[in-house]
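This is data-v1.tsv. It holds TSV, N, CA and C atoms.
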chain	number	residue	atom	x	y	z
A	1	MET	N	169.00	85.56	104.40
A	1	MET	CA	167.73	84.91	104.60
A	1	MET	C	166.62	85.87	104.22
A	2	THR	N	165.64	85.29	103.65
A	2	THR	CA	164.49	86.11	103.25
A	2	THR	C	163.48	86.13	104.38
A	3	PRO	N	162.64	87.10	104.43
A	3	PRO	CA	161.62	87.18	105.48
A	3	PRO	C	160.67	85.97	105.45
A	4	LEU	N	160.46	85.37	104.29
A	4	LEU	CA	159.57	84.22	104.20
A	4	LEU	C	160.16	83.01	104.92
A	5	THR	N	161.46	82.78	104.78
A	5	THR	CA	162.08	81.64	105.47
A	5	THR	C	162.10	81.87	106.99
A	6	LEU	N	162.26	83.11	107.42
A	6	LEU	CA	162.20	83.41	108.85
A	6	LEU	C	160.82	83.14	109.41
A	7	LEU	N	159.78	83.47	108.66
A	7	LEU	CA	158.41	83.21	109.11
A	7	LEU	C	158.13	81.70	109.17
A	8	MET	N	158.68	80.95	108.23
A	8	MET	CA	158.45	79.51	108.21
A	8	MET	C	159.15	78.83	109.40
A	9	GLN	N	160.31	79.33	109.77
A	9	GLN	CA	161.03	78.76	110.90
A	9	GLN	C	160.34	79.08	112.22
A	10	ALA	N	159.71	80.21	112.34
A	10	ALA	CA	159.09	80.64	113.57
A	10	ALA	C	157.64	80.19	113.69
A	11	ALA	N	157.14	79.45	112.73
A	11	ALA	CA	155.75	79.00	112.78
A	11	ALA	C	155.57	78.03	113.94
A	12	PRO	N	154.53	78.24	114.76
A	12	PRO	CA	154.31	77.35	115.91
A	12	PRO	C	153.84	75.97	115.46
A	13	ASP	N	154.18	75.00	116.27
A	13	ASP	CA	153.78	73.62	116.00
A	13	ASP	C	152.31	73.46	116.39
A	14	GLN	N	151.49	72.98	115.49
A	14	GLN	CA	150.06	72.85	115.74
A	14	GLN	C	149.74	71.72	116.71
A	15	ASN	N	150.57	70.72	116.82
A	15	ASN	CA	150.30	69.57	117.66
A	15	ASN	C	151.04	69.60	119.00
A	16	PHE	N	151.59	70.72	119.36
A	16	PHE	CA	152.39	70.81	120.58
A	16	PHE	C	151.55	70.47	121.82
A	17	GLY	N	150.38	71.04	121.94
A	17	GLY	CA	149.53	70.81	123.10
A	17	GLY	C	149.10	69.35	123.20
A	18	LEU	N	148.77	68.76	122.08
A	18	LEU	CA	148.37	67.36	122.07
A	18	LEU	C	149.52	66.45	122.48
A	19	ARG	N	150.71	66.75	122.00
A	19	ARG	CA	151.87	65.95	122.38
A	19	ARG	C	152.20	66.09	123.86
A	20	MET	N	152.06	67.28	124.41
A	20	MET	CA	152.31	67.48	125.85
A	20	MET	C	151.31	66.69	126.69
A	21	MET	N	150.04	66.71	126.29
A	21	MET	CA	149.03	65.96	127.02
A	21	MET	C	149.30	64.46	126.93
A	22	LEU	N	149.74	64.00	125.78
A	22	LEU	CA	150.07	62.59	125.61
A	22	LEU	C	151.27	62.20	126.48
A	23	ASN	N	152.26	63.07	126.55
A	23	ASN	CA	153.43	62.81	127.41
A	23	ASN	C	153.02	62.69	128.88
A	24	PHE	N	152.18	63.59	129.35
A	24	PHE	CA	151.72	63.52	130.73
A	24	PHE	C	150.87	62.28	130.96
A	25	ALA	N	150.06	61.93	129.98
A	25	ALA	CA	149.23	60.73	130.10
A	25	ALA	C	150.09	59.47	130.18
A	26	LEU	N	151.27	59.48	129.61
A	26	LEU	CA	152.18	58.34	129.70
A	26	LEU	C	153.03	58.37	130.97
A	27	ILE	N	153.36	59.55	131.44
A	27	ILE	CA	154.21	59.68	132.63
A	27	ILE	C	153.47	59.27	133.90
A	28	ILE	N	152.19	59.58	134.00
A	28	ILE	CA	151.43	59.28	135.21
A	28	ILE	C	151.38	57.78	135.49
A	29	PRO	N	151.05	56.90	134.54
A	29	PRO	CA	151.07	55.46	134.85
A	29	PRO	C	152.47	54.94	135.17
A	30	ILE	N	153.48	55.51	134.53
A	30	ILE	CA	154.85	55.08	134.82
A	30	ILE	C	155.20	55.38	136.27
A	31	PHE	N	154.88	56.60	136.74
A	31	PHE	CA	155.13	56.95	138.14
A	31	PHE	C	154.33	56.04	139.08
A	32	TYR	N	153.10	55.74	138.69
A	32	TYR	CA	152.27	54.90	139.55
A	32	TYR	C	152.90	53.52	139.72
A	33	PHE	N	153.29	52.87	138.63
A	33	PHE	CA	153.82	51.52	138.72
A	33	PHE	C	155.24	51.45	139.25
A	34	LEU	N	156.03	52.50	139.09
A	34	LEU	CA	157.41	52.46	139.57
A	34	LEU	C	157.59	53.01	140.99
A	35	LEU	N	156.74	53.94	141.39
A	35	LEU	CA	156.94	54.58	142.69
A	35	LEU	C	155.79	54.37	143.67
A	36	ILE	N	154.59	54.67	143.26
A	36	ILE	CA	153.47	54.69	144.20
A	36	ILE	C	153.02	53.28	144.58
A	37	ARG	N	152.82	52.41	143.62
A	37	ARG	CA	152.31	51.06	143.89
A	37	ARG	C	153.25	50.25	144.78
A	38	PRO	N	154.56	50.20	144.51
A	38	PRO	CA	155.44	49.44	145.42
A	38	PRO	C	155.45	50.01	146.84
A	39	GLN	N	155.35	51.32	146.96
A	39	GLN	CA	155.34	51.93	148.28
A	39	GLN	C	154.06	51.55	149.04
A	40	MET	N	152.93	51.50	148.33
A	40	MET	CA	151.67	51.10	148.97
A	40	MET	C	151.72	49.63	149.41
A	41	LYS	N	152.31	48.76	148.58
A	41	LYS	CA	152.43	47.35	148.94
A	41	LYS	C	153.31	47.17	150.16
A	42	GLU	N	154.41	47.89	150.23
A	42	GLU	CA	155.32	47.81	151.37
A	42	GLU	C	154.62	48.33	152.63
A	43	ARG	N	153.84	49.38	152.50
A	43	ARG	CA	153.10	49.93	153.64
A	43	ARG	C	152.09	48.92	154.18
A	44	LYS	N	151.37	48.25	153.28
A	44	LYS	CA	150.41	47.23	153.71
A	44	LYS	C	151.12	46.06	154.40
A	45	ARG	N	152.26	45.64	153.86
A	45	ARG	CA	153.02	44.55	154.47
A	45	ARG	C	153.49	44.93	155.86
A	46	HIS	N	153.99	46.16	156.01
A	46	HIS	CA	154.47	46.63	157.31
A	46	HIS	C	153.32	46.75	158.30
A	47	ASP	N	152.18	47.28	157.87
A	47	ASP	CA	151.02	47.40	158.78
A	47	ASP	C	150.56	46.03	159.26
A	48	ALA	N	150.54	45.05	158.35
A	48	ALA	CA	150.14	43.69	158.75
A	48	ALA	C	151.14	43.10	159.74
A	49	MET	N	152.42	43.34	159.52
A	49	MET	CA	153.46	42.84	160.43
A	49	MET	C	153.32	43.49	161.80
A	50	VAL	N	153.08	44.79	161.83
A	50	VAL	CA	152.96	45.51	163.10
A	50	VAL	C	151.71	45.05	163.86
A	51	GLU	N	150.61	44.81	163.15
A	51	GLU	CA	149.40	44.34	163.82
A	51	GLU	C	149.56	42.93	164.36
A	52	GLY	N	150.42	42.13	163.74
A	52	GLY	CA	150.62	40.75	164.17
A	52	GLY	C	151.63	40.57	165.28
A	53	VAL	N	152.28	41.63	165.71
A	53	VAL	CA	153.27	41.54	166.78
A	53	VAL	C	152.56	41.23	168.08
A	54	LYS	N	153.10	40.26	168.83
A	54	LYS	CA	152.47	39.85	170.08
A	54	LYS	C	153.53	39.61	171.16
A	55	LYS	N	153.05	39.34	172.35
A	55	LYS	CA	153.93	39.07	173.49
A	55	LYS	C	154.82	37.88	173.18
A	56	GLY	N	156.11	38.02	173.47
A	56	GLY	CA	157.07	36.95	173.23
A	56	GLY	C	157.85	37.09	171.94
A	57	ASP	N	157.39	37.96	171.03
A	57	ASP	CA	158.12	38.17	169.77
A	57	ASP	C	159.37	39.00	170.02
A	58	GLU	N	160.41	38.69	169.28
A	58	GLU	CA	161.63	39.49	169.32
A	58	GLU	C	161.56	40.48	168.16
A	59	ILE	N	161.81	41.76	168.44
A	59	ILE	CA	161.63	42.80	167.43
A	59	ILE	C	162.87	43.67	167.32
A	60	VAL	N	162.91	44.43	166.23
A	60	VAL	CA	163.89	45.50	166.03
A	60	VAL	C	163.08	46.76	165.78
A	61	THR	N	163.42	47.84	166.50
A	61	THR	CA	162.72	49.10	166.28
A	61	THR	C	163.42	49.89	165.17
A	62	THR	N	162.77	50.95	164.72
A	62	THR	CA	163.38	51.77	163.68
A	62	THR	C	164.63	52.47	164.19
A	63	GLY	N	164.77	52.59	165.50
A	63	GLY	CA	165.98	53.18	166.08
A	63	GLY	C	167.11	52.17	166.26
A	64	GLY	N	166.83	50.90	165.96
A	64	GLY	CA	167.87	49.88	166.05
A	64	GLY	C	167.90	49.12	167.35
A	65	ILE	N	166.92	49.34	168.21
A	65	ILE	CA	166.87	48.63	169.49
A	65	ILE	C	166.28	47.25	169.27
A	66	ILE	N	166.95	46.25	169.81
A	66	ILE	CA	166.49	44.86	169.69
A	66	ILE	C	166.03	44.41	171.06
A	67	GLY	N	164.86	43.77	171.11
A	67	GLY	CA	164.36	43.29	172.38
A	67	GLY	C	163.19	42.35	172.20
A	68	LYS	N	162.71	41.83	173.34
A	68	LYS	CA	161.59	40.91	173.34
A	68	LYS	C	160.38	41.61	173.96
A	69	ILE	N	159.24	41.44	173.33
A	69	ILE	CA	158.02	42.07	173.83
A	69	ILE	C	157.55	41.30	175.06
A	70	ILE	N	157.34	42.05	176.16
A	70	ILE	CA	156.84	41.40	177.38
A	70	ILE	C	155.40	41.83	177.68
A	71	HIS	N	154.95	42.92	177.03
A	71	HIS	CA	153.56	43.37	177.22
A	71	HIS	C	153.14	44.17	176.00
A	72	ALA	N	151.97	43.84	175.47
A	72	ALA	CA	151.43	44.57	174.32
A	72	ALA	C	150.07	45.14	174.72
A	73	ASP	N	149.94	46.47	174.61
A	73	ASP	CA	148.69	47.12	175.00
A	73	ASP	C	148.37	48.21	173.99
A	74	GLY	N	147.44	47.95	173.10
A	74	GLY	CA	147.04	48.96	172.12
A	74	GLY	C	148.20	49.33	171.22
A	75	ASN	N	148.56	50.60	171.23
A	75	ASN	CA	149.66	51.09	170.40
A	75	ASN	C	150.99	51.09	171.12
A	76	ARG	N	151.02	50.64	172.35
A	76	ARG	CA	152.28	50.63	173.12
A	76	ARG	C	152.74	49.21	173.37
A	77	LEU	N	154.04	49.04	173.23
A	77	LEU	CA	154.66	47.75	173.50
A	77	LEU	C	155.73	47.96	174.57
A	78	THR	N	155.76	47.09	175.56
A	78	THR	CA	156.83	47.12	176.54
A	78	THR	C	157.85	46.06	176.10
A	79	VAL	N	159.08	46.52	175.91
A	79	VAL	CA	160.12	45.67	175.35
A	79	VAL	C	161.24	45.52	176.36
A	80	ARG	N	161.67	44.27	176.59
A	80	ARG	CA	162.83	44.02	177.44
A	80	ARG	C	164.05	43.99	176.54
A	81	THR	N	164.99	44.90	176.79
A	81	THR	CA	166.17	45.02	175.93
A	81	THR	C	167.41	44.42	176.55
A	82	GLY	N	167.43	44.28	177.84
A	82	GLY	CA	168.57	43.69	178.54
A	82	GLY	C	168.05	42.82	179.66
A	83	GLU	N	168.89	42.58	180.65
A	83	GLU	CA	168.46	41.75	181.78
A	83	GLU	C	167.29	42.41	182.54
A	84	ASP	N	167.47	43.67	182.92
A	84	ASP	CA	166.45	44.36	183.70
A	84	ASP	C	165.96	45.64	183.02
A	85	THR	N	166.33	45.86	181.79
A	85	THR	CA	165.96	47.09	181.10
A	85	THR	C	164.67	46.89	180.32
A	86	ARG	N	163.72	47.78	180.58
A	86	ARG	CA	162.45	47.73	179.87
A	86	ARG	C	162.14	49.11	179.31
A	87	ILE	N	161.69	49.13	178.09
A	87	ILE	CA	161.32	50.40	177.47
A	87	ILE	C	159.93	50.25	176.85
A	88	THR	N	159.26	51.38	176.70
A	88	THR	CA	157.96	51.40	176.06
A	88	THR	C	158.14	51.98	174.66
A	89	VAL	N	157.62	51.28	173.66
A	89	VAL	CA	157.81	51.65	172.27
A	89	VAL	C	156.45	51.76	171.60
A	90	ASP	N	156.30	52.73	170.74
A	90	ASP	CA	155.10	52.84	169.92
A	90	ASP	C	155.06	51.68	168.92
A	91	ARG	N	153.92	51.08	168.75
A	91	ARG	CA	153.77	49.91	167.89
A	91	ARG	C	154.20	50.22	166.45
A	92	GLY	N	153.97	51.42	165.99
A	92	GLY	CA	154.32	51.80	164.62
A	92	GLY	C	155.82	51.92	164.37
A	93	ARG	N	156.61	51.92	165.43
A	93	ARG	CA	158.07	52.04	165.30
A	93	ARG	C	158.79	50.70	165.21
A	94	VAL	N	158.02	49.62	165.12
A	94	VAL	CA	158.63	48.30	164.95
A	94	VAL	C	159.05	48.17	163.49
A	95	ALA	N	160.33	47.93	163.26
A	95	ALA	CA	160.84	47.80	161.90
A	95	ALA	C	160.75	46.37	161.39
A	96	ALA	N	160.99	45.38	162.27
A	96	ALA	CA	160.96	43.99	161.85
A	96	ALA	C	160.80	43.09	163.06
A	97	THR	N	160.27	41.90	162.81
A	97	THR	CA	160.26	40.87	163.83
A	97	THR	C	161.36	39.88	163.47
A	98	LEU	N	161.96	39.30	164.50
A	98	LEU	CA	163.09	38.39	164.28
A	98	LEU	C	162.67	36.95	164.53
A	99	ASP	N	163.30	36.04	163.81
A	99	ASP	CA	163.05	34.61	164.03
A	99	ASP	C	163.99	34.09	165.10
A	100	VAL	N	164.03	32.79	165.30
A	100	VAL	CA	164.86	32.17	166.34
A	100	VAL	C	166.34	32.44	166.12
A	101	LYS	N	166.77	32.51	164.86
A	101	LYS	CA	168.18	32.73	164.55
A	101	LYS	C	168.59	34.20	164.66
A	102	GLY	N	167.60	35.09	164.88
A	102	GLY	CA	167.91	36.51	164.98
A	102	GLY	C	167.87	37.23	163.66
A	103	GLU	N	167.33	36.58	162.63
A	103	GLU	CA	167.22	37.21	161.31
A	103	GLU	C	165.77	37.64	161.09
A	104	PRO	N	165.53	38.67	160.27
A	104	PRO	CA	164.16	39.14	160.02
A	104	PRO	C	163.30	38.03	159.43
A	105	LYS	N	162.07	37.93	159.96
A	105	LYS	CA	161.13	36.94	159.43
A	105	LYS	C	160.63	37.40	158.07
A	106	GLU	N	160.45	36.43	157.19
A	106	GLU	CA	159.85	36.72	155.88
A	106	GLU	C	158.36	36.49	156.00
A	107	GLU	N	157.58	37.51	155.73
A	107	GLU	CA	156.11	37.40	155.83
A	107	GLU	C	155.54	37.05	154.49
Structure re-expressed in structure tokens:
Amino acid sequence: MTPLTLLMQAAPDQNFGLRMMLNFALIIPIFYFLLIRPQMKERKRHDAMVEGVKKGDEIVTTGGIIGKIIHADGNRLTVRTGEDTRITVDRGRVAATLDVKGEPKEE
């Protein structure tokens, strides 16, 4: 190999920086529509469901406890889980509300 061919092979690409910026400009919207936007929509749906929980609703907590709300006060819910068992649960820990058949309600 001659020194001239070695220099031609090692020549830097003039458009490298522009191509990198274009790649990042394309990656950011892809991440937004595939990851961030669906997560924000799910968060809004969950917040609306949690705010709509009221006395008499049957719920499932994130820990898997199923019970009926007997008292709702601010961020705390008192849930009856058995005949005489009552627990206090943070409102944000409600994973789903159940319908009459015991299946999650579709909001």
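In this model, the gap between atom C of Gly74 (chain A) and atom C of Glu58 (chain A) comes to 16.3 Å.
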Exercise for review: Write out as a ChimeraX atom specification which residues come within 7 Å of region 64-67 of chain A when counting all atoms listed in the file, dropping same-chain ones fewer than 3 positions away.
Suggested key: /A:57-61,79-82
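As for atom N of Met49 (chain A) and atom C of Asp90 (chain A), they are spaced 12.8 Å apart.
CA of Ile69 (chain A) is found 5.9 Å from atom N of Lys55 (chain A).
Of the residues listed (A:Thr85, A:Thr97, A:Asn23, A:Thr78), A:Thr97 shows the shortest atom-to-atom separation from His46 (chain A); distances use only C-alpha atoms.
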Please put the answer as lines of an AutoDock Vina configuration file: centre and edge lengths, in Å with one decimal, of a box along x, y and z that encloses all listed atoms of region 24-32 of chain A plus 3 Å on each side.
center_x = 152.2
center_y = 58.6
center_z = 134.5
size_x = 12.0
size_y = 16.1
size_z = 16.4
Check your understanding: Pick from A:His71, A:Leu22, A:Tyr32, A:Lys44: nearest to Gly56 (chain A), with only C-alpha atoms counted?
Key -> A:His71
Check your understanding: Where in region 13-87 of chain A does DSSP assign helix (DSSP H, G or I), given as a VMD selection string?
Key -> chain A and resid 16 to 51
Is it possible to produce a file of chain A from this structure, with C-alpha atoms, as a CSV table (one decimal), in the first residue's frame?
chain,number,residue,atom,x,y,z
A,1,MET,CA,0.0,0.0,0.0
A,2,THR,CA,1.1,3.4,-0.8
A,3,PRO,CA,1.0,6.3,1.7
A,4,LEU,CA,-1.6,8.0,-0.4
A,5,THR,CA,-4.1,5.2,-0.2
A,6,LEU,CA,-3.5,5.0,3.6
A,7,LEU,CA,-4.3,8.7,3.9
A,8,MET,CA,-7.5,8.3,1.8
A,9,GLN,CA,-8.7,5.5,4.0
A,10,ALA,CA,-8.1,7.5,7.2
A,11,ALA,CA,-9.8,10.7,6.0
A,12,PRO,CA,-12.6,11.7,8.4
A,13,ASP,CA,-16.2,11.8,7.2
A,14,GLN,CA,-17.3,15.4,6.8
A,15,ASN,CA,-21.0,14.7,7.5
A,16,PHE,CA,-20.5,12.5,10.6
A,17,GLY,CA,-21.7,15.2,13.0
A,18,LEU,CA,-24.7,16.0,10.9
A,19,ARG,CA,-25.7,12.4,10.6
A,20,MET,CA,-25.4,11.9,14.4
A,21,MET,CA,-27.6,14.9,15.1
A,22,LEU,CA,-30.2,13.6,12.6
A,23,ASN,CA,-30.1,10.1,14.3
A,24,PHE,CA,-30.8,11.7,17.7
A,25,ALA,CA,-33.5,13.9,16.2
A,26,LEU,CA,-35.2,10.7,14.9
A,27,ILE,CA,-34.7,8.7,18.1
A,28,ILE,CA,-36.3,11.2,20.5
A,29,PRO,CA,-39.8,11.1,18.8
A,30,ILE,CA,-39.6,7.3,18.6
A,31,PHE,CA,-39.0,7.1,22.3
A,32,TYR,CA,-41.7,9.6,23.0
A,33,PHE,CA,-44.4,7.7,21.1
A,34,LEU,CA,-43.3,4.2,22.1
A,35,LEU,CA,-42.5,4.7,25.8
A,36,ILE,CA,-43.3,8.0,27.3
A,37,ARG,CA,-46.7,8.8,25.8
A,38,PRO,CA,-48.4,5.4,26.6
A,39,GLN,CA,-47.0,5.6,30.1
A,40,MET,CA,-48.5,9.1,30.6
A,41,LYS,CA,-51.9,7.9,29.3
A,42,GLU,CA,-51.9,5.0,31.7
A,43,ARG,CA,-51.0,7.2,34.6
A,44,LYS,CA,-53.9,9.6,33.8
A,45,ARG,CA,-56.3,6.7,33.5
A,46,HIS,CA,-55.1,5.3,36.8
A,47,ASP,CA,-55.3,8.7,38.6
A,48,ALA,CA,-58.9,9.1,37.3
A,49,MET,CA,-59.8,5.6,38.5
A,50,VAL,CA,-58.3,6.3,42.0
A,51,GLU,CA,-60.1,9.6,42.3
A,52,GLY,CA,-63.4,8.0,41.4
A,53,VAL,CA,-63.2,5.2,44.0
A,54,LYS,CA,-66.0,5.6,46.6
A,55,LYS,CA,-67.6,3.9,49.5
A,56,GLY,CA,-69.1,0.5,48.5
A,57,ASP,CA,-66.7,-0.1,45.6
A,58,GLU,CA,-64.8,-3.5,45.5
A,59,ILE,CA,-61.1,-2.9,44.9
A,60,VAL,CA,-57.8,-4.8,44.4
A,61,THR,CA,-54.7,-3.2,45.9
A,62,THR,CA,-51.3,-3.4,44.4
A,63,GLY,CA,-50.4,-6.0,47.0
A,64,GLY,CA,-53.2,-8.2,45.9
A,65,ILE,CA,-55.7,-7.6,48.7
A,66,ILE,CA,-59.3,-7.7,47.6
A,67,GLY,CA,-62.0,-5.9,49.6
A,68,LYS,CA,-64.9,-3.5,49.8
A,69,ILE,CA,-64.4,0.1,50.7
A,70,ILE,CA,-66.4,1.0,53.9
A,71,HIS,CA,-64.9,4.5,54.5
A,72,ALA,CA,-63.1,6.9,52.2
A,73,ASP,CA,-61.3,9.9,53.8
A,74,GLY,CA,-58.8,11.9,51.7
A,75,ASN,CA,-55.9,9.7,50.8
A,76,ARG,CA,-56.9,6.8,53.1
A,77,LEU,CA,-59.4,4.1,52.4
A,78,THR,CA,-60.8,1.7,55.0
A,79,VAL,CA,-61.3,-1.6,53.3
A,80,ARG,CA,-63.2,-4.7,54.7
A,81,THR,CA,-61.3,-7.8,53.5
A,82,GLY,CA,-63.1,-10.5,55.5
A,83,GLU,CA,-66.0,-10.8,57.9
A,84,ASP,CA,-64.5,-8.6,60.6
A,85,THR,CA,-61.1,-7.7,59.1
A,86,ARG,CA,-60.6,-4.0,58.2
A,87,ILE,CA,-57.4,-2.4,56.9
A,88,THR,CA,-56.4,1.1,56.0
A,89,VAL,CA,-55.0,1.5,52.5
A,90,ASP,CA,-53.4,4.5,50.8
A,91,ARG,CA,-55.7,5.6,47.9
A,92,GLY,CA,-52.7,5.5,45.5
A,93,ARG,CA,-52.2,1.8,46.1
A,94,VAL,CA,-55.5,0.8,44.5
A,95,ALA,CA,-54.7,-1.2,41.4
A,96,ALA,CA,-58.2,-1.8,40.1
A,97,THR,CA,-61.9,-1.6,40.9
A,98,LEU,CA,-64.0,-4.7,40.4
A,99,ASP,CA,-67.4,-5.1,38.9
A,100,VAL,CA,-70.3,-7.3,40.2
A,101,LYS,CA,-68.7,-10.4,38.6
A,102,GLY,CA,-65.4,-9.7,40.3
A,103,GLU,CA,-63.6,-8.7,37.1
A,104,PRO,CA,-61.7,-5.4,36.6
A,105,LYS,CA,-64.0,-2.6,35.4
A,106,GLU,CA,-63.2,-1.1,32.0
A,107,GLU,CA,-63.0,2.7,32.3
